[in-house]
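K.L.:
The structure follows.
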Amino acid sequence: MLTRIEIDGFKSFADFGLDLPPFLVVLGQNASGKSNLFDAVQLLRRLVSAPSLFDAFADTRGELSELFRRYAGGAQADRMSFAVEVLLEPTAVDPFGEDIEVSHTRLRYELKIGLHTDSDGFPRARVLEEAVRPLPAKQDEWLRAVRASPAFKAEKLRYSGRRTDFLTTKDNGQGNRVFAISQEGRQGRARQIPAHAAEATVLSSITSAADFPTLFALRRELESWRFLQLDPAALRQPSTQEQRGDVLGANGANLAKVLRRIERVTRDEYGSGLDDIAAALATVVRGFSGVEVQEDAAQGRWETYLTTRDEGRVSARVASDGTLRVLALLAALHDPDHRGLVCFEEPENGIFPQRLQALLGLLRGLVTDPAADDGQGEPLVQLIVSSHSPVVLTALDRADLMVMDWTTRVSESGGGRISRVRRLLLSVDQKAIGFNDLPALTVPERRALPGIDLDEAKRVLES
């Protein structure tokens with residue numbers, strides 16, 4: 001679970017920081033930076049798994065040099081940095097299917113990347129610094145912010161008492177910069193890797209849990225982050241035997257196979273996870289009553305069918321875009337084999353505004369609730385949603401919302417527009433308040449506030 005992200009020098013971000021609960025909707029106009037935030041999350045996932053920085057950046061929107069922040073006047077930053085704080089599961093699975101125990105589940109991962117021009121005149125990226133630090137229990141503000149219950153802490157929290165970093169970047173005493181990986185207990189051996197021209201992250205080299213189980217579990221966590229950009233054309237297609245595995249594609253491909261697996265592995269005397277998905281979908285799509293997956297052995301494929309009150313049983317090929325998008329999102333959140341963080345853009349697409357509140361409330365109930373008094377015994381589930389719909393402002397509690405817009409910053413490096421997030425202002429009793437409840441403020445003073453009131457948020461979204 002991602003509990004905090006910090007970004008500096010990447011696209012529209014400068015000294016950006018955001019604490020993340022298990023469920024969050026980021027509201028903002030187009031070009032406010034919502035997609036850039038998801039791009040940063042995806043880039044981090046690739047940086048810890050791709051064999052090189054070149055491969056990691058290759059799938060990011062824009063050329064390499066365009067990903068570093070640009071200032072007004074044309075100047076450009078030559079480095080970007082990221083930091084994420086995460087909550088790991090107490091156990092992880094190694095490449096051979098064995099469970100490994102994680103001794104410290106609260107970690108902070110820091111990464112700094114520099115841009116330089118090679119001898120051939122082309123820009124290249126290098127890792128300048130990389131670190132993994134244990135977050136001590138006494139400094140864990142996120143647990144207090146989400147009001148974590150004793151049951152949640154007992155189930156998910158592990159603090160080893162360790163004070164040294166698992167990974168750091170330092171001088172080795174001979175004038176050379178190295179990445180230093182510390183020994184974990186009696187396991188493995190400490191390791192030093194030259195850092196003067198690193199074109200891959202250290203975390204991407206941790207492929208075994210034998211020597212460094214915590215770093216391996218951290219890599220697994222970041223690799224599990226998913227960004228769904230669902231394409232109705234892909235959702236309508238049957239799954240085939242040629243498609244590798246039974247994992248939902250980022251565009252929604254392979255949906256039928258995923259639904260079939262969920263039904264198969266969750267089946268018991270009371271039903272299956274597919275029944276739960278159908279029941280959830282019925283609360284959002286009026287007249288919907290069932291979903292099933294039919295295998296065509298002769299053709300070697302699986303196809304999704306939906307049943308509605310008005311149309312009866314129909315193939316996914318003729319279902320509405322909105323229904324298929326919600327079905328795929330529910331499948332991702334119900335999948336017992338692939339839990340964790342899911343990022344999803346614009347849930348309002350294809351959904352009647354009157355049903356949007358029901359959808360958001362449904363999604364809110366599917367994520368992990370750290371405040372629950374009873375141990376849930378389930379893997380961690382987190383959902384970050386972006387939207388530009390003003391309807392969302394009245395569909396959720398204020399604590400589940402952030403408003404993203406841009407502001408102008410002037411610094412020694414140069415000025416320019418940067419993305420920022422602001423929380424809706426709350427009074428002591430957690431009710432929304434407005435700027436009229438505050439002393440008289442000028443327009444620039446209002447824009448500089450770390451919070452935003454409901455009326456101002458509506459103007460931001462509608463302007």
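Chains: A, B, ... in order of the structure tokens. Residues: from 1 per chain. Ligands: from 1, in order shown.
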Select from stretch 145-249 of chain A every residue with an atom at most 10 Å from any atom of stretch 282-306 of chain A, then for each give the shortest pair of atoms and their distance in Å to one decimal, using only C-alpha atoms, rows by chain and rising number, as a Markdown table.
P.N.:
```
| residue | atom | partner | partner_atom | distance |
| --- | --- | --- | --- | --- |
| A:Leu235 | CA | A:Thr304 | CA | 9.3 |
| A:Arg236 | CA | A:Thr304 | CA | 8.1 |
| A:Gln237 | CA | A:Glu303 | CA | 7.6 |
| A:Pro238 | CA | A:Glu303 | CA | 4.6 |
| A:Ser239 | CA | A:Trp302 | CA | 5.1 |
| A:Thr240 | CA | A:Arg301 | CA | 4.2 |
| A:Gln241 | CA | A:Gly300 | CA | 5.8 |
| A:Glu242 | CA | A:Gly300 | CA | 8.7 |
| A:Gln243 | CA | A:Arg301 | CA | 9.6 |
```
K.L.:
Applying 9 Å and only C-alpha atoms, which residues near stretch 133-137 of chain A remain after dropping the ones on its own chain fewer than 5 positions away? List them as a PyMOL selection string.
P.N.:
chain A and resi 85+104-110+159-168
K.L.:
Emit the selected residues as an mmCIF file, in the first residue's frame, including C-alpha atoms.
P.N.:
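Final file, selection_26.cif:
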```cif
data_model
loop_
_atom_site.group_PDB
_atom_site.id
_atom_site.type_symbol
_atom_site.label_atom_id
_atom_site.label_comp_id
_atom_site.auth_asym_id
_atom_site.auth_seq_id
_atom_site.Cartn_x
_atom_site.Cartn_y
_atom_site.Cartn_z
ATOM 1 C CA GLU A 85 6.422 5.418 1.871
ATOM 2 C CA HIS A 104 9.681 -4.478 8.945
ATOM 3 C CA THR A 105 6.584 -3.574 6.939
ATOM 4 C CA ARG A 106 6.855 0.238 6.968
ATOM 5 C CA LEU A 107 9.518 1.477 4.542
ATOM 6 C CA ARG A 108 10.576 4.633 2.743
ATOM 7 C CA TYR A 109 12.130 4.322 -0.722
ATOM 8 C CA GLU A 110 14.063 7.269 -2.173
ATOM 9 C CA TYR A 159 8.562 -3.049 13.349
ATOM 10 C CA SER A 160 11.942 -4.729 13.735
ATOM 11 C CA GLY A 161 13.564 -1.962 15.765
ATOM 12 C CA ARG A 162 16.175 -1.650 13.024
ATOM 13 C CA ARG A 163 17.860 1.768 12.866
ATOM 14 C CA THR A 164 20.185 1.315 9.896
ATOM 15 C CA ASP A 165 19.091 1.721 6.284
ATOM 16 C CA PHE A 166 18.511 -1.364 4.172
ATOM 17 C CA LEU A 167 20.034 0.471 1.207
ATOM 18 C CA THR A 168 21.905 3.756 1.006
#
```
K.L.:
Excluding stretch 59-69 of chain A and its own-chain neighbours fewer than 6 positions away, which residues fall within 10 Å of it when counting only C-alpha atoms? Please give them as JSON, numbers by chain.
P.N.:
{"A": [8, 9, 10, 11, 12, 13, 14, 36, 39, 40, 42, 43, 46, 75, 76, 77, 78, 79, 80, 113, 114, 115, 116, 122, 123, 124, 125, 416, 417, 418]}
K.L.:
Could you name the residues that touch A:Thr201 at 7 Å or less, counting only C-alpha atoms, but leaving out those on the same chain fewer than 6 positions away, as a PyMOL selection string?
P.N.:
chain A and resi 47-48+127
K.L.:
Using only C-alpha atoms, which of the listed residues (A:Phe179, A:Val318, A:Phe152, A:Arg422) sits closest to A:Glu130?
P.N.:
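Looking only at the distances to A:Glu130, the closest residue turns out to be A:Phe179.
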K.L.:
Which of these, A:Thr169, A:Ser52, A:Ser81, A:Gln357, has the shortest distance to A:Ile7 once you count only C-alpha atoms?
P.N.:
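Residue with the minimum atom-to-atom distance to A:Ile7: A:Ser81.
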K.L.:
Excluding stretch 455-460 of chain A and its own-chain neighbours fewer than 4 positions away, which residues fall within 8 Å of it when counting only C-alpha atoms? Please give them as a list in words.
P.N.:
Gly28, Gln29, Pro390, Leu393, Val403, Asp405, Leu424 and Gly434 of chain A
K.L.:
Quick one: residues within 8 Å of A:Thr3, only C-alpha atoms, excluding same-chain residues fewer than 2 positions away - as a list in words?
P.N.:
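Near A:Thr3, the qualifying residues are Met1, Ile5, Asp19, Leu20, Pro21, Pro22, Val84, Glu85, Val86, Leu87 and Trp142 of chain A.
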K.L.:
For those residues, write N, CA and C atoms to a file as an mmCIF file, in the first residue's frame.
P.N.:
```
data_model
loop_
_atom_site.group_PDB
_atom_site.id
_atom_site.type_symbol
_atom_site.label_atom_id
_atom_site.label_comp_id
_atom_site.auth_asym_id
_atom_site.auth_seq_id
_atom_site.Cartn_x
_atom_site.Cartn_y
_atom_site.Cartn_z
ATOM 1 N N MET A 1 0.846 -1.184 0.000
ATOM 2 C CA MET A 1 0.000 0.000 0.000
ATOM 3 C C MET A 1 0.886 1.240 0.000
ATOM 4 N N ILE A 5 3.686 9.861 -1.287
ATOM 5 C CA ILE A 5 4.539 10.017 -2.459
ATOM 6 C C ILE A 5 5.068 11.443 -2.508
ATOM 7 N N ASP A 19 0.062 12.651 1.093
ATOM 8 C CA ASP A 19 -0.230 11.493 1.934
ATOM 9 C C ASP A 19 -1.477 10.810 1.389
ATOM 10 N N LEU A 20 -1.423 9.490 1.301
ATOM 11 C CA LEU A 20 -2.475 8.740 0.619
ATOM 12 C C LEU A 20 -3.173 7.784 1.565
ATOM 13 N N PRO A 21 -4.487 7.931 1.724
ATOM 14 C CA PRO A 21 -5.277 6.935 2.453
ATOM 15 C C PRO A 21 -5.571 5.757 1.532
ATOM 16 N N PRO A 22 -6.237 4.722 2.011
ATOM 17 C CA PRO A 22 -6.560 3.586 1.134
ATOM 18 C C PRO A 22 -7.482 3.950 -0.030
ATOM 19 N N VAL A 84 8.751 7.349 -1.834
ATOM 20 C CA VAL A 84 7.461 6.743 -1.498
ATOM 21 C C VAL A 84 7.584 6.057 -0.150
ATOM 22 N N GLU A 85 6.521 6.164 0.624
ATOM 23 C CA GLU A 85 6.422 5.418 1.871
ATOM 24 C C GLU A 85 5.338 4.372 1.682
ATOM 25 N N VAL A 86 5.632 3.148 2.073
ATOM 26 C CA VAL A 86 4.728 2.042 1.775
ATOM 27 C C VAL A 86 4.481 1.194 3.012
ATOM 28 N N LEU A 87 3.362 0.494 2.968
ATOM 29 C CA LEU A 87 3.048 -0.546 3.945
ATOM 30 C C LEU A 87 3.084 -1.872 3.203
ATOM 31 N N TRP A 142 1.209 8.256 9.418
ATOM 32 C CA TRP A 142 0.118 7.735 8.586
ATOM 33 C C TRP A 142 -0.849 6.895 9.404
#
```
K.L.:
Select, from A:Leu218, A:Ala148, A:Ala331, A:Leu228, the residue with the minimum atom-to-atom distance to A:Glu345, counting only C-alpha atoms.
P.N.:
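Smallest separation from A:Glu345 among the options: A:Leu228.
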K.L.:
Running DSSP on the backbone, which parts of stretch 183-265 of chain A land in strand (DSSP E), as a list in words?
P.N.:
Arg191, Gln192, Ile193, Pro194, Arg226, Phe227, Leu228, Ser239 and Thr240 of chain A
K.L.:
Store the residues picked out above, limited to C-alpha atoms, as a PDB file, in the first residue's frame.
P.N.:
```pdb
ATOM      1  CA  ARG A 191      27.056  -5.736  -0.737  1.00  0.00           C
ATOM      2  CA  GLN A 192      28.462  -2.623  -2.399  1.00  0.00           C
ATOM      3  CA  ILE A 193      27.703  -1.653  -6.003  1.00  0.00           C
ATOM      4  CA  PRO A 194      29.525   1.146  -7.896  1.00  0.00           C
ATOM      5  CA  ARG A 226      -1.585  -1.179 -11.482  1.00  0.00           C
ATOM      6  CA  PHE A 227      -2.901   1.614 -13.670  1.00  0.00           C
ATOM      7  CA  LEU A 228      -6.116   0.836 -15.533  1.00  0.00           C
ATOM      8  CA  SER A 239     -10.065 -14.085 -24.065  1.00  0.00           C
ATOM      9  CA  THR A 240      -8.102 -16.604 -26.097  1.00  0.00           C
TER      10      THR A 240
END
```
K.L.:
Between A:Ala256, A:Gly361, A:Phe212, A:Arg177, which is the closest to A:Arg189 once you count only C-alpha atoms?
P.N.:
A:Phe212
K.L.:
From the list A:Val342, A:Leu18, A:Ala332, A:Ala395, which residue is nearest A:Gln354 when using only C-alpha atoms?
P.N.:
A:Ala395
K.L.:
For A:Leu366, work out the shell of residues within 12 Å, counting only C-alpha atoms and skipping chain neighbours fewer than 6 positions away, then give it as a ChimeraX atom specification.
P.N.:
/A:22-23,276-277,280,329-335,339-340,342,359-360,376,378-383
K.L.:
Given the selection you just returned, output its residues as a file containing N, CA and C atoms, formatted as a compact mmCIF listing (two decimals), in the first residue's frame.
P.N.:
```txt
# COMPACT_ATOMS: atom_id res chain seq x y z
N PRO A 22 -6.24 4.72 2.01
CA PRO A 22 -6.56 3.59 1.13
C PRO A 22 -7.48 3.95 -0.03
N PHE A 23 -8.29 4.99 0.14
CA PHE A 23 -9.18 5.42 -0.94
C PHE A 23 -9.06 6.93 -1.10
N ASP A 276 -20.30 -11.93 -6.20
CA ASP A 276 -20.12 -10.66 -5.50
C ASP A 276 -19.96 -9.51 -6.50
N ILE A 277 -19.22 -9.77 -7.57
CA ILE A 277 -19.04 -8.75 -8.60
C ILE A 277 -20.38 -8.41 -9.25
N ALA A 280 -22.47 -6.32 -6.89
CA ALA A 280 -21.97 -4.95 -6.82
C ALA A 280 -22.35 -4.17 -8.07
N LEU A 329 -13.24 -2.84 -13.48
CA LEU A 329 -12.70 -2.27 -12.24
C LEU A 329 -13.07 -3.14 -11.05
N LEU A 330 -14.30 -3.63 -11.01
CA LEU A 330 -14.71 -4.52 -9.92
C LEU A 330 -13.91 -5.82 -9.96
N ALA A 331 -13.64 -6.32 -11.16
CA ALA A 331 -12.83 -7.53 -11.27
C ALA A 331 -11.44 -7.31 -10.71
N ALA A 332 -10.85 -6.15 -10.99
CA ALA A 332 -9.51 -5.85 -10.48
C ALA A 332 -9.50 -5.78 -8.96
N LEU A 333 -10.55 -5.21 -8.37
CA LEU A 333 -10.59 -5.05 -6.92
C LEU A 333 -10.99 -6.34 -6.20
N HIS A 334 -11.64 -7.26 -6.89
CA HIS A 334 -12.05 -8.53 -6.29
C HIS A 334 -11.06 -9.66 -6.56
N ASP A 335 -10.07 -9.41 -7.38
CA ASP A 335 -9.14 -10.47 -7.78
C ASP A 335 -8.30 -10.93 -6.59
N ARG A 339 -3.99 -8.23 -5.62
CA ARG A 339 -4.49 -7.11 -4.84
C ARG A 339 -3.44 -6.00 -4.82
N GLY A 340 -3.68 -4.97 -4.02
CA GLY A 340 -2.71 -3.88 -3.91
C GLY A 340 -3.29 -2.59 -4.44
N VAL A 342 -4.49 0.16 -7.08
CA VAL A 342 -5.06 0.33 -8.41
C VAL A 342 -5.29 1.81 -8.64
N LEU A 359 -21.65 4.38 -7.33
CA LEU A 359 -20.40 3.74 -7.75
C LEU A 359 -19.26 4.08 -6.81
N LEU A 360 -19.12 5.36 -6.49
CA LEU A 360 -18.01 5.78 -5.62
C LEU A 360 -18.16 5.20 -4.22
N GLN A 376 -9.27 -8.08 9.26
CA GLN A 376 -9.98 -8.42 8.03
C GLN A 376 -9.43 -9.69 7.37
N GLU A 378 -7.55 -10.10 4.99
CA GLU A 378 -7.51 -9.99 3.53
C GLU A 378 -6.27 -9.20 3.11
N PRO A 379 -5.79 -9.41 1.89
CA PRO A 379 -4.68 -8.60 1.39
C PRO A 379 -5.07 -7.13 1.32
N LEU A 380 -4.08 -6.26 1.39
CA LEU A 380 -4.31 -4.82 1.33
C LEU A 380 -4.84 -4.43 -0.05
N VAL A 381 -5.88 -3.60 -0.07
CA VAL A 381 -6.46 -3.10 -1.32
C VAL A 381 -6.54 -1.58 -1.24
N GLN A 382 -6.05 -0.91 -2.27
CA GLN A 382 -6.02 0.55 -2.30
C GLN A 382 -6.47 1.03 -3.67
N LEU A 383 -7.19 2.15 -3.69
CA LEU A 383 -7.68 2.69 -4.95
C LEU A 383 -7.48 4.20 -4.98
```
K.L.:
Could you pull out the alpha helix (DSSP H) residues of stretch 234-442 of chain A, going by DSSP on the backbone, and write them as a compact mmCIF listing (two decimals) with C-alpha atoms, in the first residue's frame?
P.N.:
```txt
# COMPACT_ATOMS: atom_id res chain seq x y z
CA ALA A 234 -10.38 -4.46 -25.52
CA LEU A 235 -13.05 -5.18 -22.89
CA ARG A 236 -15.41 -6.52 -25.54
CA LEU A 255 -11.37 -9.72 -18.87
CA ALA A 256 -13.26 -12.97 -19.53
CA LYS A 257 -10.34 -15.15 -18.42
CA VAL A 258 -9.89 -13.09 -15.25
CA LEU A 259 -13.57 -13.38 -14.36
CA ARG A 260 -13.43 -17.13 -14.97
CA ARG A 261 -10.41 -17.50 -12.68
CA ILE A 262 -12.06 -15.42 -9.94
CA GLU A 263 -15.15 -17.62 -10.14
CA ARG A 264 -13.08 -20.81 -10.03
CA VAL A 265 -10.69 -20.01 -7.16
CA THR A 266 -13.31 -18.37 -4.91
CA GLY A 273 -16.41 -13.88 -6.15
CA LEU A 274 -18.13 -13.57 -9.50
CA ASP A 275 -21.47 -13.48 -7.68
CA ASP A 276 -20.12 -10.66 -5.50
CA ILE A 277 -19.04 -8.75 -8.60
CA ALA A 278 -22.49 -9.20 -10.16
CA ALA A 279 -24.22 -8.01 -6.98
CA ALA A 280 -21.97 -4.95 -6.82
CA LEU A 281 -22.54 -4.12 -10.48
CA ALA A 282 -26.31 -4.35 -9.97
CA ASP A 321 -18.92 1.19 -22.41
CA GLY A 322 -19.79 2.29 -18.88
CA THR A 323 -21.03 -1.14 -17.80
CA LEU A 324 -17.87 -2.83 -19.08
CA ARG A 325 -15.58 -0.28 -17.41
CA VAL A 326 -17.25 -0.80 -14.04
CA LEU A 327 -17.19 -4.59 -14.50
CA ALA A 328 -13.44 -4.55 -15.20
CA LEU A 329 -12.70 -2.27 -12.24
CA LEU A 330 -14.71 -4.52 -9.92
CA ALA A 331 -12.83 -7.53 -11.27
CA ALA A 332 -9.51 -5.85 -10.48
CA LEU A 333 -10.59 -5.05 -6.92
CA HIS A 334 -12.05 -8.53 -6.29
CA PRO A 353 -24.48 11.21 -12.96
CA GLN A 354 -27.29 9.93 -10.73
CA ARG A 355 -25.43 6.60 -10.35
CA LEU A 356 -21.96 8.05 -9.80
CA GLN A 357 -22.48 8.46 -6.07
CA ALA A 358 -23.51 4.79 -5.80
CA LEU A 359 -20.40 3.74 -7.75
CA LEU A 360 -18.01 5.78 -5.62
CA GLY A 361 -19.63 4.55 -2.43
CA LEU A 362 -19.31 0.99 -3.69
CA LEU A 363 -15.63 1.44 -4.53
CA ARG A 364 -15.00 3.07 -1.17
```
K.L.:
Taking only C-alpha atoms into account, which of A:Gly271, A:Pro370, A:Pro213, A:Gly249 comes nearest A:Pro90?
P.N.:
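For A:Pro90, the nearest of the candidates is A:Pro213.
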